[in-house]
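Peer 1: Just model.csv, nothing more (CSV, C-alpha atoms):
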chain,number,residue,atom,x,y,z
R,4,MET,CA,-6.2,2.4,3.2
R,5,SER,CA,-4.0,3.5,0.3
R,6,LEU,CA,-5.0,2.2,-3.1
R,7,LEU,CA,-2.1,4.0,-4.9
R,8,ARG,CA,1.2,5.0,-3.3
R,9,VAL,CA,4.0,6.7,-5.2
R,10,GLN,CA,7.2,7.5,-3.4
R,11,ASN,CA,10.5,9.1,-4.6
R,12,LEU,CA,9.5,8.6,-8.3
R,13,SER,CA,11.9,9.7,-11.0
R,14,ALA,CA,11.7,9.2,-14.7
R,15,ARG,CA,13.5,10.2,-17.9
R,16,TYR,CA,12.8,10.7,-21.6
R,17,GLY,CA,16.1,9.4,-23.0
R,18,VAL,CA,18.9,11.5,-21.5
R,19,SER,CA,16.5,14.2,-20.2
R,20,GLN,CA,15.2,13.7,-16.7
R,21,ALA,CA,11.6,14.8,-16.4
R,22,LEU,CA,10.7,13.6,-12.8
R,23,PHE,CA,13.1,13.9,-9.9
R,24,ASP,CA,11.1,13.2,-6.7
R,25,ILE,CA,7.4,12.6,-6.9
R,26,SER,CA,5.4,11.3,-3.9
R,27,LEU,CA,1.6,11.0,-3.6
R,28,ASP,CA,-0.9,8.8,-1.8
R,29,LEU,CA,-4.5,8.1,-2.8
R,30,ALA,CA,-6.9,6.4,-0.5
R,31,GLU,CA,-9.6,4.0,-1.6
R,32,GLY,CA,-12.7,5.9,-2.7
R,33,GLN,CA,-11.1,9.3,-2.6
R,34,VAL,CA,-10.3,11.9,-5.2
R,35,LEU,CA,-6.8,13.3,-5.5
R,36,ALA,CA,-6.1,16.4,-7.6
R,37,LEU,CA,-2.6,16.5,-9.3
R,38,LEU,CA,-1.8,20.2,-9.8
R,39,GLY,CA,1.0,22.3,-11.3
R,40,ARG,CA,1.8,24.8,-14.0
R,41,ASN,CA,2.2,23.6,-17.6
R,42,GLY,CA,5.2,21.4,-18.2
R,43,MET,CA,5.9,20.6,-14.6
R,44,GLY,CA,5.5,16.8,-15.0
R,45,LYS,CA,1.9,16.0,-14.3
R,46,THR,CA,1.3,13.9,-17.5
R,47,THR,CA,4.7,12.3,-17.1
R,48,THR,CA,3.8,11.2,-13.6
R,49,ILE,CA,0.6,9.6,-15.0
R,50,LYS,CA,2.6,7.8,-17.7
R,51,ALA,CA,4.9,6.5,-15.1
R,52,ILE,CA,2.1,5.3,-12.9
R,53,CYS,CA,0.5,3.5,-15.9
R,54,ARG,CA,3.9,2.1,-16.8
R,55,MET,CA,4.1,3.8,-20.2
R,56,ILE,CA,7.6,5.1,-19.5
R,57,MET,CA,10.5,3.7,-17.5
R,58,ALA,CA,10.8,5.0,-13.9
R,59,LYS,CA,12.6,4.5,-10.6
R,60,GLY,CA,11.2,4.7,-7.1
R,61,VAL,CA,8.1,3.1,-5.6
R,62,ILE,CA,4.7,2.6,-7.3
R,63,GLU,CA,2.3,0.5,-5.4
R,64,PHE,CA,-1.3,-0.3,-6.4
R,65,ALA,CA,-3.6,-2.2,-4.1
R,66,GLY,CA,-0.5,-3.2,-2.1
R,67,GLN,CA,1.3,-4.6,-5.2
R,68,ASN,CA,4.6,-3.3,-6.5
R,69,VAL,CA,3.8,-2.4,-10.2
R,70,LEU,CA,7.1,-0.6,-11.0
R,71,ARG,CA,8.3,-3.4,-13.3
R,72,LEU,CA,5.0,-4.5,-14.8
R,73,PRO,CA,4.0,-3.7,-18.4
R,74,SER,CA,1.2,-1.2,-18.9
R,75,TYR,CA,-1.4,-3.8,-19.9
R,76,LYS,CA,-0.9,-5.7,-16.7
R,77,VAL,CA,-1.3,-2.5,-14.7
R,78,ALA,CA,-4.6,-1.8,-16.6
R,79,ARG,CA,-5.8,-5.3,-15.8
R,80,LEU,CA,-5.1,-4.7,-12.1
R,81,GLY,CA,-7.8,-2.0,-12.2
R,82,VAL,CA,-6.2,1.3,-13.5
R,83,GLY,CA,-8.4,3.1,-16.1
R,84,LEU,CA,-6.8,5.9,-18.0
R,85,VAL,CA,-8.5,8.8,-19.8
R,86,PRO,CA,-5.5,10.2,-21.6
R,87,GLU,CA,-4.8,13.8,-22.6
R,88,GLY,CA,-6.2,14.4,-26.1
R,89,ARG,CA,-8.9,11.7,-25.8
R,90,ARG,CA,-7.4,9.2,-28.3
R,91,CYS,CA,-10.6,7.5,-29.3
R,92,PHE,CA,-10.5,4.8,-32.0
R,93,ALA,CA,-11.7,7.2,-34.7
R,94,PRO,CA,-12.8,4.6,-37.4
R,95,LEU,CA,-14.8,2.6,-34.9
R,96,THR,CA,-18.4,3.3,-33.8
R,97,VAL,CA,-19.2,4.5,-30.2
R,98,ALA,CA,-20.4,1.0,-29.4
R,99,GLU,CA,-17.3,-0.6,-30.9
R,100,ASN,CA,-15.0,1.7,-28.8
R,101,LEU,CA,-16.8,0.7,-25.7
R,102,THR,CA,-17.0,-3.0,-26.5
R,103,ALA,CA,-13.2,-3.1,-27.3
R,104,ALA,CA,-12.4,-2.0,-23.7
R,105,ALA,CA,-15.1,-4.0,-21.8
R,106,ARG,CA,-14.3,-6.2,-18.9
R,107,PRO,CA,-16.8,-7.8,-16.4
R,108,GLY,CA,-18.3,-5.6,-13.8
R,109,PRO,CA,-21.0,-3.0,-13.1
R,110,TRP,CA,-19.9,-0.6,-15.8
R,111,ASP,CA,-21.5,-1.9,-19.0
R,112,MET,CA,-23.2,-0.2,-22.0
R,113,ALA,CA,-26.3,0.6,-20.0
R,114,ALA,CA,-24.4,2.1,-17.1
R,115,VAL,CA,-22.2,4.4,-19.3
R,116,GLY,CA,-25.2,5.3,-21.3
R,117,ALA,CA,-27.0,6.4,-18.2
R,118,LEU,CA,-24.0,8.5,-17.2
R,119,PHE,CA,-23.6,10.0,-20.7
R,120,PRO,CA,-27.0,9.9,-22.5
R,121,ARG,CA,-25.4,11.5,-25.6
R,122,LEU,CA,-23.4,8.3,-26.1
R,123,ALA,CA,-26.5,6.1,-25.7
R,124,GLU,CA,-28.0,8.1,-28.6
R,125,ARG,CA,-24.9,7.7,-30.8
R,126,GLN,CA,-23.9,4.1,-30.3
R,127,GLY,CA,-23.8,3.5,-34.1
R,128,GLN,CA,-22.0,6.7,-34.9
R,129,ILE,CA,-18.3,6.7,-36.0
R,130,ALA,CA,-16.2,8.1,-33.2
R,131,GLY,CA,-14.2,10.4,-35.5
R,132,SER,CA,-17.4,12.2,-36.4
R,133,LEU,CA,-18.3,13.1,-32.8
R,134,SER,CA,-17.8,16.6,-31.4
R,135,GLY,CA,-14.8,17.1,-29.1
R,136,GLY,CA,-17.0,17.0,-26.1
R,137,GLU,CA,-18.6,13.8,-27.2
R,138,GLN,CA,-15.3,12.2,-27.8
R,139,GLN,CA,-14.2,13.2,-24.3
R,140,MET,CA,-17.3,11.5,-22.9
R,141,LEU,CA,-16.5,8.5,-25.0
R,142,ALA,CA,-12.9,8.4,-23.6
R,143,ILE,CA,-14.2,8.5,-20.0
R,144,ALA,CA,-16.9,5.9,-20.8
R,145,ARG,CA,-14.3,3.6,-22.4
R,146,ALA,CA,-12.1,3.8,-19.3
R,147,LEU,CA,-15.1,3.0,-17.1
R,148,MET,CA,-15.9,-0.1,-19.3
R,149,THR,CA,-12.6,-1.6,-18.1
R,150,ASN,CA,-14.3,-1.6,-14.6
R,151,PRO,CA,-11.3,0.0,-12.9
R,152,ARG,CA,-10.7,0.6,-9.2
R,153,LEU,CA,-8.7,3.7,-10.1
R,154,LEU,CA,-9.8,6.2,-12.7
R,155,ILE,CA,-7.1,8.6,-14.0
R,156,LEU,CA,-8.3,11.7,-15.8
R,157,ASP,CA,-5.7,13.8,-17.6
R,158,GLU,CA,-7.0,17.2,-18.5
R,159,ALA,CA,-10.5,15.8,-19.2
R,160,THR,CA,-12.1,19.2,-19.7
R,161,GLU,CA,-9.3,21.0,-21.5
R,162,GLY,CA,-10.4,22.9,-24.7
R,163,LEU,CA,-14.1,22.1,-24.3
R,164,ALA,CA,-17.0,24.5,-24.5
R,165,PRO,CA,-18.4,25.7,-21.1
R,166,LEU,CA,-21.6,23.7,-21.5
R,167,VAL,CA,-19.8,20.5,-22.2
R,168,ARG,CA,-17.3,21.1,-19.5
R,169,GLY,CA,-20.2,21.4,-17.1
R,170,GLU,CA,-21.5,18.0,-18.3
R,171,ILE,CA,-18.1,16.4,-17.7
R,172,TRP,CA,-17.8,17.8,-14.2
R,173,ASP,CA,-21.3,16.7,-13.4
R,174,ALA,CA,-20.4,13.2,-14.5
R,175,ILE,CA,-17.3,13.3,-12.3
R,176,ARG,CA,-19.4,14.4,-9.3
R,177,ILE,CA,-21.7,11.4,-9.9
R,178,LEU,CA,-18.7,9.1,-10.0
R,179,LYS,CA,-17.4,10.4,-6.7
R,180,ARG,CA,-20.8,10.3,-5.1
R,181,ASP,CA,-22.1,6.9,-6.3
R,182,SER,CA,-19.3,4.7,-7.7
R,183,GLY,CA,-16.8,4.3,-4.9
R,184,LEU,CA,-14.0,4.7,-7.5
R,185,SER,CA,-10.7,6.3,-6.5
R,186,ILE,CA,-10.0,9.1,-8.9
R,187,LEU,CA,-6.7,10.9,-9.8
R,188,VAL,CA,-7.5,14.0,-11.7
R,189,VAL,CA,-5.3,16.5,-13.5
R,190,ASP,CA,-7.1,19.8,-14.3
R,191,LYS,CA,-6.7,23.5,-14.1
R,192,SER,CA,-10.2,24.2,-12.9
R,193,LEU,CA,-9.6,24.8,-9.2
R,194,ARG,CA,-13.2,26.0,-8.7
R,195,GLU,CA,-14.6,22.6,-9.8
R,196,LEU,CA,-11.8,20.6,-8.2
R,197,SER,CA,-12.6,22.3,-4.8
R,198,ASP,CA,-16.0,20.7,-4.9
R,199,ILE,CA,-14.8,17.2,-5.9
R,200,ALA,CA,-11.2,16.6,-4.7
R,201,ASP,CA,-10.4,15.4,-1.2
R,202,ASN,CA,-6.7,16.1,-1.4
R,203,ALA,CA,-4.2,17.7,-3.7
R,204,VAL,CA,-0.5,17.3,-4.7
R,205,ILE,CA,1.3,20.1,-6.4
R,206,ILE,CA,4.2,19.3,-8.8
R,207,GLN,CA,6.9,21.8,-9.7
R,208,ARG,CA,9.8,21.0,-12.0
R,209,GLY,CA,9.3,17.3,-11.6
R,210,THR,CA,9.1,17.3,-7.8
R,211,SER,CA,6.1,17.2,-5.5
R,212,VAL,CA,6.4,20.4,-3.5
R,213,TRP,CA,3.0,20.6,-1.7
R,214,HIS,CA,0.4,18.2,-0.5
R,215,GLY,CA,-2.7,18.5,1.7
R,216,PRO,CA,-6.5,18.9,1.7
R,217,MET,CA,-8.0,20.5,-1.4
R,218,GLY,CA,-9.5,23.1,0.9
R,219,ALA,CA,-6.1,24.2,1.9
R,220,VAL,CA,-5.2,25.3,-1.6
R,221,ASP,CA,-5.7,28.9,-0.7
R,222,SER,CA,-4.7,32.1,-2.5
R,223,GLY,CA,-1.2,31.9,-1.1
R,224,VAL,CA,-0.6,28.4,-2.3
R,225,ARG,CA,-2.1,29.3,-5.7
R,226,GLU,CA,0.1,32.3,-6.1
R,227,GLN,CA,3.3,30.5,-5.0
R,228,TYR,CA,2.8,27.3,-7.1
R,229,LEU,CA,0.1,27.7,-9.7
R,230,GLY,CA,0.1,31.3,-10.8
R,231,VAL,CA,1.5,32.3,-14.2
Show me this structure written as structure tokens.

Peer 2:
Amino acid sequence: MSLLRVQNLSARYGVSQALFDISLDLAEGQVLALLGRNGMGKTTTIKAICRMIMAKGVIEFAGQNVLRLPSYKVARLGVGLVPEGRRCFAPLTVAENLTAAARPGPWDMAAVGALFPRLAERQGQIAGSLSGGEQQMLAIARALMTNPRLLILDEATEGLAPLVRGEIWDAIRILKRDSGLSILVVDKSLRELSDIADNAVIIQRGTSVWHGPMGAVDSGVREQYLGV
């Protein structure tokens, strides 16, 4: 059963059209990779799904049309976003960041601390003083504290040291294996995605141009749509 269905989605920034025809389908409990070269519309697609920009087309979440809902209502329906650039509340402590997002459900301080032990050790530390990797862990944990049905990860490993990247990917693997969450992930690391994602959608110039199993993203597809 589809948890998220997007069809014929278009969106603009003022007079500039950024999305022309995006379609994707994410089933309950599955992981969908959203792929494409830089500047092709991946983050804009996520903003449209989360209702952060105006859009036209079809956006259905859990069978409900959310196209005209404000972003906070979409979040309350169960969409948790880990935005590009982390955007933690820098003056607040780790614990305060997590508490600010908390909603009832299995993901609480103990659960996110088990997933990210570094955060459990730094609950009293100011978020702005954390390393980049720790801030990324905090951004993911904060989204989980909303107890979402859909977790959206926008470039969650970009710019991180290899060791920390590995920790983030390990956490995503645990989420896929144990949580039952549906996950929409934007990332350039095809090797890691091939182990995690069930399906993929490729965006080119604001249009979805390819979709299929992640295992079918072979060298020909990569060269045609993802190469520099």

Peer 1: Using only C-alpha atoms, give me every residue within 9 Å of (-17.6, 17.8, -13.1) in file coordinates, as a ChimeraX atom specification.

Peer 2: /R:160,168-177,195-196,198-199

Peer 1: In Å to one decimal, how far is atom CA of R:Gln139 from atom CA of R:Val220?

Peer 2: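 According to the coordinates, atom CA of R:Val220 and atom CA of R:Gln139 are separated by 27.3 Å.
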
Peer 1: So what do you get for atom CA of R:Val212 versus atom CA of R:Ala51, distance-wise?

Peer 2: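 Here the two named atoms are 18.2 Å from each other.
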
Peer 1: Using all atoms listed in the file, find the one residue out of R:Arg71, R:Arg90, R:Arg145, R:Arg225 that sits nearest to R:Ala114.

Peer 2: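 Using all atoms listed in the file, R:Ala114 sits closest to R:Arg145.
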
Peer 1: Would you mind listing, for every residue of stretch 93-190 of chain R within 12 Å of stretch 20-29 of chain R, the two atoms forming the shortest contact and the distance between them in Å to one decimal, using all atoms listed in the file, sorted by chain and ascending residue number, as JSON lines?

Peer 2:
{"residue": "R:Arg152", "atom": "CA", "partner": "R:Leu29", "partner_atom": "CA", "distance": 11.6}
{"residue": "R:Leu153", "atom": "CA", "partner": "R:Leu29", "partner_atom": "CA", "distance": 9.5}
{"residue": "R:Leu154", "atom": "CA", "partner": "R:Leu29", "partner_atom": "CA", "distance": 11.4}
{"residue": "R:Ile155", "atom": "CA", "partner": "R:Leu29", "partner_atom": "CA", "distance": 11.5}
{"residue": "R:Leu184", "atom": "CA", "partner": "R:Leu29", "partner_atom": "CA", "distance": 11.1}
{"residue": "R:Ser185", "atom": "CA", "partner": "R:Leu29", "partner_atom": "CA", "distance": 7.4}
{"residue": "R:Ile186", "atom": "CA", "partner": "R:Leu29", "partner_atom": "CA", "distance": 8.3}
{"residue": "R:Leu187", "atom": "CA", "partner": "R:Leu29", "partner_atom": "CA", "distance": 7.9}
{"residue": "R:Val188", "atom": "CA", "partner": "R:Leu29", "partner_atom": "CA", "distance": 11.1}

Peer 1: From the list R:Leu38, R:Leu229, R:Met148, R:Ile62, which residue is nearest R:Ala113 when using only C-alpha atoms?

Peer 2: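 Of all the options, R:Met148 lies closest to R:Ala113.
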
Peer 1: Expressed in Å to a single decimal, how great is the separation between atom CA of R:Glu99 and atom CA of R:Glu87?

Peer 2: 20.8 Å

Peer 1: Determine, counting all atoms listed in the file, which protein, DNA and RNA residues have an atom within 12 Å of an atom of R:Gly135; residues of the same chain fewer than 5 positions away are not included. Present the result as a ChimeraX atom specification.

Peer 2: /R:88-91,93,130,140-142,159-164,167-168,171

Peer 1: Can you pull out every residue within 8 Å of R:Gly60, counting all atoms listed in the file, but drop anything in the same chain fewer than 3 positions away, and send it as JSON, numbers by chain?

Peer 2: {"R": [9, 10, 11, 12, 13, 70]}

Peer 1: Could those selected residues go to a file with C-alpha atoms, as a PDB file, keeping the file's coordinate frame?

Peer 2:
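part-v2.pdb was written with the following content:
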ATOM      1  CA  VAL R   9       4.000   6.700  -5.200  1.00  0.00           C
ATOM      2  CA  GLN R  10       7.200   7.500  -3.400  1.00  0.00           C
ATOM      3  CA  ASN R  11      10.500   9.100  -4.600  1.00  0.00           C
ATOM      4  CA  LEU R  12       9.500   8.600  -8.300  1.00  0.00           C
ATOM      5  CA  SER R  13      11.900   9.700 -11.000  1.00  0.00           C
ATOM      6  CA  LEU R  70       7.100  -0.600 -11.000  1.00  0.00           C
TER       7      LEU R  70
END

Peer 1: For R:Gln33, which residue out of R:Val18, R:Met112, R:Ile56, R:Leu6 is the nearest one, using all atoms listed in the file?

Peer 2: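 Checking each candidate against R:Gln33, we get R:Leu6 as the closest.
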
Peer 1: Have a look at R:Ser132, R:Thr47, R:Thr102, R:Gln67 and name the one nearest to R:Thr210; count only C-alpha atoms.

Peer 2: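 Counting only C-alpha atoms, the residue closest to R:Thr210 is R:Thr47.
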
Peer 1: Which one of R:Gly127, R:Leu37, R:Asp111, R:Ala146 sits closest to R:Gly81 if you count all atoms listed in the file?

Peer 2: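 Ranked by minimum distance to R:Gly81, first place goes to R:Ala146.
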
Peer 1: Leaving out R:Met217 and any residue of its chain fewer than 6 positions from it, which residues lie within 9 Å of it when counting only C-alpha atoms, given as a ChimeraX atom specification?

Peer 2: /R:35-36,196-204

Peer 1: At a cut-off of 10 Å, using all atoms listed in the file, what residues contact R:Val224? Leave out same-chain residues fewer than 5 positions from it and give the result as a PDB file with C-alpha atoms, in the frame of the given file.

Peer 2:
ATOM      1  CA  ILE R 205       1.300  20.100  -6.400  1.00  0.00           C
ATOM      2  CA  TRP R 213       3.000  20.600  -1.700  1.00  0.00           C
ATOM      3  CA  ALA R 219      -6.100  24.200   1.900  1.00  0.00           C
ATOM      4  CA  LEU R 229       0.100  27.700  -9.700  1.00  0.00           C
ATOM      5  CA  GLY R 230       0.100  31.300 -10.800  1.00  0.00           C
TER       6      GLY R 230
END

Peer 1: Which is closest to R:Pro165 among R:Leu84, R:Gly42, R:Arg106, R:Gly136, if we use all atoms listed in the file?

Peer 2: R:Gly136

Peer 1: Because the input lacks atoms here, generate N, CA and C atoms for stretch 134-162 of chain R and report them as a PDB file, keeping the file's coordinate frame.

Peer 2:
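This is the output file rebuild20.pdb:
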ATOM      1  N   SER R 134     -18.371  15.316 -31.826  1.00  0.00           N
ATOM      2  CA  SER R 134     -17.800  16.600 -31.400  1.00  0.00           C
ATOM      3  C   SER R 134     -16.674  16.304 -30.384  1.00  0.00           C
ATOM      4  N   GLY R 135     -15.861  17.314 -30.110  1.00  0.00           N
ATOM      5  CA  GLY R 135     -14.800  17.100 -29.100  1.00  0.00           C
ATOM      6  C   GLY R 135     -15.296  16.741 -27.772  1.00  0.00           C
ATOM      7  N   GLY R 136     -16.389  17.362 -27.348  1.00  0.00           N
ATOM      8  CA  GLY R 136     -17.000  17.000 -26.100  1.00  0.00           C
ATOM      9  C   GLY R 136     -17.495  15.610 -26.011  1.00  0.00           C
ATOM     10  N   GLU R 137     -18.123  15.184 -27.095  1.00  0.00           N
ATOM     11  CA  GLU R 137     -18.600  13.800 -27.200  1.00  0.00           C
ATOM     12  C   GLU R 137     -17.504  12.794 -27.175  1.00  0.00           C
ATOM     13  N   GLN R 138     -16.413  13.135 -27.853  1.00  0.00           N
ATOM     14  CA  GLN R 138     -15.300  12.200 -27.800  1.00  0.00           C
ATOM     15  C   GLN R 138     -14.663  12.133 -26.437  1.00  0.00           C
ATOM     16  N   GLN R 139     -14.698  13.247 -25.686  1.00  0.00           N
ATOM     17  CA  GLN R 139     -14.200  13.200 -24.300  1.00  0.00           C
ATOM     18  C   GLN R 139     -15.100  12.309 -23.441  1.00  0.00           C
ATOM     19  N   MET R 140     -16.395  12.415 -23.633  1.00  0.00           N
ATOM     20  CA  MET R 140     -17.300  11.500 -22.900  1.00  0.00           C
ATOM     21  C   MET R 140     -17.039  10.077 -23.269  1.00  0.00           C
ATOM     22  N   LEU R 141     -16.766   9.820 -24.537  1.00  0.00           N
ATOM     23  CA  LEU R 141     -16.500   8.500 -25.000  1.00  0.00           C
ATOM     24  C   LEU R 141     -15.183   7.950 -24.347  1.00  0.00           C
ATOM     25  N   ALA R 142     -14.170   8.813 -24.244  1.00  0.00           N
ATOM     26  CA  ALA R 142     -12.900   8.400 -23.600  1.00  0.00           C
ATOM     27  C   ALA R 142     -13.110   8.023 -22.162  1.00  0.00           C
ATOM     28  N   ILE R 143     -13.937   8.793 -21.454  1.00  0.00           N
ATOM     29  CA  ILE R 143     -14.200   8.500 -20.000  1.00  0.00           C
ATOM     30  C   ILE R 143     -15.032   7.187 -19.961  1.00  0.00           C
ATOM     31  N   ALA R 144     -16.042   7.065 -20.801  1.00  0.00           N
ATOM     32  CA  ALA R 144     -16.900   5.900 -20.800  1.00  0.00           C
ATOM     33  C   ALA R 144     -16.051   4.622 -21.131  1.00  0.00           C
ATOM     34  N   ARG R 145     -15.140   4.749 -22.073  1.00  0.00           N
ATOM     35  CA  ARG R 145     -14.300   3.600 -22.400  1.00  0.00           C
ATOM     36  C   ARG R 145     -13.423   3.175 -21.267  1.00  0.00           C
ATOM     37  N   ALA R 146     -12.877   4.129 -20.520  1.00  0.00           N
ATOM     38  CA  ALA R 146     -12.100   3.800 -19.300  1.00  0.00           C
ATOM     39  C   ALA R 146     -12.962   3.098 -18.282  1.00  0.00           C
ATOM     40  N   LEU R 147     -14.190   3.576 -18.112  1.00  0.00           N
ATOM     41  CA  LEU R 147     -15.100   3.000 -17.100  1.00  0.00           C
ATOM     42  C   LEU R 147     -15.464   1.548 -17.542  1.00  0.00           C
ATOM     43  N   MET R 148     -15.540   1.291 -18.839  1.00  0.00           N
ATOM     44  CA  MET R 148     -15.900  -0.100 -19.300  1.00  0.00           C
ATOM     45  C   MET R 148     -14.846  -1.096 -18.936  1.00  0.00           C
ATOM     46  N   THR R 149     -13.644  -0.670 -18.565  1.00  0.00           N
ATOM     47  CA  THR R 149     -12.600  -1.600 -18.100  1.00  0.00           C
ATOM     48  C   THR R 149     -12.927  -1.991 -16.618  1.00  0.00           C
ATOM     49  N   ASN R 150     -13.932  -1.345 -16.011  1.00  0.00           N
ATOM     50  CA  ASN R 150     -14.300  -1.600 -14.600  1.00  0.00           C
ATOM     51  C   ASN R 150     -13.101  -1.431 -13.678  1.00  0.00           C
ATOM     52  N   PRO R 151     -12.527  -0.215 -13.661  1.00  0.00           N
ATOM     53  CA  PRO R 151     -11.300   0.000 -12.900  1.00  0.00           C
ATOM     54  C   PRO R 151     -11.622   0.244 -11.391  1.00  0.00           C
ATOM     55  N   ARG R 152     -10.591   0.132 -10.577  1.00  0.00           N
ATOM     56  CA  ARG R 152     -10.700   0.600  -9.200  1.00  0.00           C
ATOM     57  C   ARG R 152     -10.143   2.016  -9.076  1.00  0.00           C
ATOM     58  N   LEU R 153      -9.258   2.393 -10.002  1.00  0.00           N
ATOM     59  CA  LEU R 153      -8.700   3.700 -10.100  1.00  0.00           C
ATOM     60  C   LEU R 153      -8.954   4.315 -11.434  1.00  0.00           C
ATOM     61  N   LEU R 154      -9.573   5.486 -11.486  1.00  0.00           N
ATOM     62  CA  LEU R 154      -9.800   6.200 -12.700  1.00  0.00           C
ATOM     63  C   LEU R 154      -8.867   7.406 -12.761  1.00  0.00           C
ATOM     64  N   ILE R 155      -8.045   7.516 -13.817  1.00  0.00           N
ATOM     65  CA  ILE R 155      -7.100   8.600 -14.000  1.00  0.00           C
ATOM     66  C   ILE R 155      -7.612   9.515 -15.109  1.00  0.00           C
ATOM     67  N   LEU R 156      -7.828  10.785 -14.814  1.00  0.00           N
ATOM     68  CA  LEU R 156      -8.300  11.700 -15.800  1.00  0.00           C
ATOM     69  C   LEU R 156      -7.268  12.811 -16.032  1.00  0.00           C
ATOM     70  N   ASP R 157      -6.707  12.833 -17.231  1.00  0.00           N
ATOM     71  CA  ASP R 157      -5.700  13.800 -17.600  1.00  0.00           C
ATOM     72  C   ASP R 157      -6.237  14.891 -18.448  1.00  0.00           C
ATOM     73  N   GLU R 158      -6.504  16.039 -17.829  1.00  0.00           N
ATOM     74  CA  GLU R 158      -7.000  17.200 -18.500  1.00  0.00           C
ATOM     75  C   GLU R 158      -8.333  16.860 -19.277  1.00  0.00           C
ATOM     76  N   ALA R 159      -9.281  16.285 -18.571  1.00  0.00           N
ATOM     77  CA  ALA R 159     -10.500  15.800 -19.200  1.00  0.00           C
ATOM     78  C   ALA R 159     -11.430  16.897 -19.696  1.00  0.00           C
ATOM     79  N   THR R 160     -11.230  18.133 -19.232  1.00  0.00           N
ATOM     80  CA  THR R 160     -12.100  19.200 -19.700  1.00  0.00           C
ATOM     81  C   THR R 160     -11.396  20.267 -20.504  1.00  0.00           C
ATOM     82  N   GLU R 161     -10.135  20.028 -20.819  1.00  0.00           N
ATOM     83  CA  GLU R 161      -9.300  21.000 -21.500  1.00  0.00           C
ATOM     84  C   GLU R 161      -9.889  21.256 -22.957  1.00  0.00           C
ATOM     85  N   GLY R 162     -10.048  22.515 -23.312  1.00  0.00           N
ATOM     86  CA  GLY R 162     -10.400  22.900 -24.700  1.00  0.00           C
ATOM     87  C   GLY R 162     -11.891  22.661 -25.012  1.00  0.00           C
TER      88      GLY R 162
END
